[in-house]
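A.B. asks: Sharing a structure, written as structure tokens. Questions coming.
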Amino acid sequence: MEQYLEKFESLLVDYLPKIATALAILLIGWFAIKVIIKAFKKVMEKQKVDITLQKFLSDLTGWALKILLLVTVISKLGIATTSFAAIIGAAGLAIGLALQGSLSNFAGGVIIMIFKPFKVGDLIEAQGVLGNVKEIQIFTSHINTPENKLAIIPNGVLSNGTIVNYSTEGKLRVDLTIGVSYDADIKQTKEILLEVMASNSKILKEPAPAVSVSELADSAVNFAVRPWTNTPNYWDVYFDVTEQAKLALDKAGIEIPYPHSVEIQKQG
């Protein structure tokens with residue numbers, strides 16, 4: 001017992017300063033990390049960095065600093081960090097192989113946050129989904145469709161696919177096709193359609209709306225109706241112009257062709 005006690009006292013004398021130093025480094029380092037992350041967030045806020053990117057970068061920086069602090073504390077205790085690093089590397093490789101899909105989505109999230117092909121609130125079309133971006137997370141992005149459905153798209157395929165952002169330029173052209181009878185006066189029809197668009201307050205004056213004959217179809221003369229509007233008003237303009245054009249053409253006695261069923265009566 002005396003030998004064990006002496007050995008314990010010897011170890012205590014040897015390791016107590018190391019334990020005290022490691023504990024001090026841990027406490028001071030933990031406090032310093034909080035201060036650094038807080039200052040980092042303030043810098044990003046002043047630089048007006050995207051909120052989603054702020055959270056991601058602050059979390060990533062926090063975890064990196066904590067791992068560095070842990071390695072430092074372990075080294076102060078006299079544990080060889082080379083073997084510790086090898087264990088972390090092996091574990092990281094195993095986890096990486098098991099989570100290849102998740103890591104791909106993580107990388108996609110990083111790409112989206114850095115290069116910003118879209119941001120929260122933008123109207124985009126990607127992976128066959130059209131809607132407004134509700135949230136950008138590390139692994140997935142949430143899109144609200146016009147039907148108020150929530151589409152959750154993995155960031156891996158999202159960042160590697162085609163993304164059409166309707167909000168980037170701030171305004172959109174609405175493409176409509178309206179057909180009238182071959183008996184209709186082309187000049188009068190164009191004037192009526194232009195008047196319909198001129199009376200709509202949500203249609204921009206510049207670029208000016210345009211009406212052109214786009215096709216001489218089998219049963220109708222088709223007009224390409226092209227108003228411009230701010231992105232949030234796209235669907236309002238689309239539906240309003242369609243409705244008002246029909247009413248205005250009816251009022252002017254201009255027929256919009258539609259299939260007729262003809263009854264043939266036999267004589268005799």
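Chain labels follow the order of the structure tokens: the first chain is A, the next B, and so on; residue numbering restarts at 1 in every chain, and ligands are counted from 1 in their shown order.
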Leaving out region 112-120 of chain A and any residue of its chain fewer than 5 positions from it, which residues lie within 8 Å of it when counting only C-alpha atoms, given as number ranges by chain?
C.D. replies: A: 52-53, 132-136, 155, 159, 163, 165, 168
A.B. asks: Select, from A:Ile178, A:Leu123, A:Leu194, A:Ile152, the residue with the minimum atom-to-atom distance to Asn230 (chain A), counting only C-alpha atoms.
C.D. replies: A:Leu123
A.B. asks: Quick one: residues within 10 Å of Pro209 (chain A), only C-alpha atoms, excluding same-chain residues fewer than 3 positions away - as a list in words?
C.D. replies: Arg173, Val174, Leu193, Leu194, Met197, Ala198, Ile203, Leu204, Lys205, Glu206, Val225, Arg226, Pro227, Trp228 and Thr229 of chain A
A.B. asks: Running DSSP on the backbone, which parts of region 39-195 of chain A land in helix (DSSP H, G or I), as a ChimeraX atom specification?
C.D. replies: /A:39-46,51-76,81-98,100-115,155-160,186-195
A.B. asks: Report, in Å to a single decimal, how far apart CA of Ser167 (chain A) and CA of Lys42 (chain A) are.
C.D. replies: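 Between these atoms lies a distance of 28.2 Å.
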A.B. asks: Considering only C-alpha atoms, state which residue in the set A:Leu249, A:Ile33, A:Leu150, A:Ile254 is at the smallest distance from Asp183 (chain A).
C.D. replies: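 Answer, going by the shortest atom-to-atom distance: A:Ile254.
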A.B. asks: Could you tell me how far CA of Leu172 (chain A) sits from CA of Thr189 (chain A), in Å to one decimal place?
C.D. replies: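 Computing the Euclidean distance for CA of Thr189 (chain A) and CA of Leu172 (chain A) yields 24.0 Å.
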A.B. asks: Have a look at CA of Ala245 (chain A) and CA of Ile192 (chain A) and let me know their distance in Å, one decimal.
C.D. replies: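 Going from CA of Ala245 (chain A) over to CA of Ile192 (chain A) covers 7.8 Å.
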A.B. asks: If we count only C-alpha atoms, what is near Lys76 (chain A) at a cut-off of 9 Å, once residues fewer than 4 positions away on the same chain are taken out, given as a list in words?
C.D. replies: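 These residues fall inside the cut-off: Lys18, Ile19, Thr21, Ala22, Ile25, Val71 and Thr72 of chain A.
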A.B. asks: Would you pick out the contacts of region 217-221 of chain A at 6 Å or less, using only C-alpha atoms, so that residues sharing its chain but fewer than 6 positions from it are not included, and give the list as a PyMOL selection string?
C.D. replies: chain A and resi 179-182
A.B. asks: Limited to N, CA, C and O atoms, could you put the picked residues into a file as a PDB file, in the first residue's frame?
C.D. replies:
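Ended up saving to out30.pdb:
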ATOM      1  N   GLY A 179     -55.590  34.209 -79.715  1.00  0.00           N
ATOM      2  CA  GLY A 179     -55.980  34.009 -81.100  1.00  0.00           C
ATOM      3  C   GLY A 179     -57.327  34.640 -81.409  1.00  0.00           C
ATOM      4  O   GLY A 179     -58.235  34.631 -80.570  1.00  0.00           O
ATOM      5  N   VAL A 180     -57.446  35.236 -82.620  1.00  0.00           N
ATOM      6  CA  VAL A 180     -58.720  35.820 -83.066  1.00  0.00           C
ATOM      7  C   VAL A 180     -59.075  35.268 -84.441  1.00  0.00           C
ATOM      8  O   VAL A 180     -58.241  34.659 -85.126  1.00  0.00           O
ATOM      9  N   SER A 181     -60.287  35.530 -84.841  1.00  0.00           N
ATOM     10  CA  SER A 181     -60.784  35.027 -86.125  1.00  0.00           C
ATOM     11  C   SER A 181     -60.035  35.674 -87.289  1.00  0.00           C
ATOM     12  O   SER A 181     -59.544  36.799 -87.196  1.00  0.00           O
ATOM     13  N   TYR A 182     -59.975  34.962 -88.425  1.00  0.00           N
ATOM     14  CA  TYR A 182     -59.360  35.509 -89.622  1.00  0.00           C
ATOM     15  C   TYR A 182     -60.153  36.702 -90.161  1.00  0.00           C
ATOM     16  O   TYR A 182     -59.625  37.502 -90.936  1.00  0.00           O
TER      17      TYR A 182
END
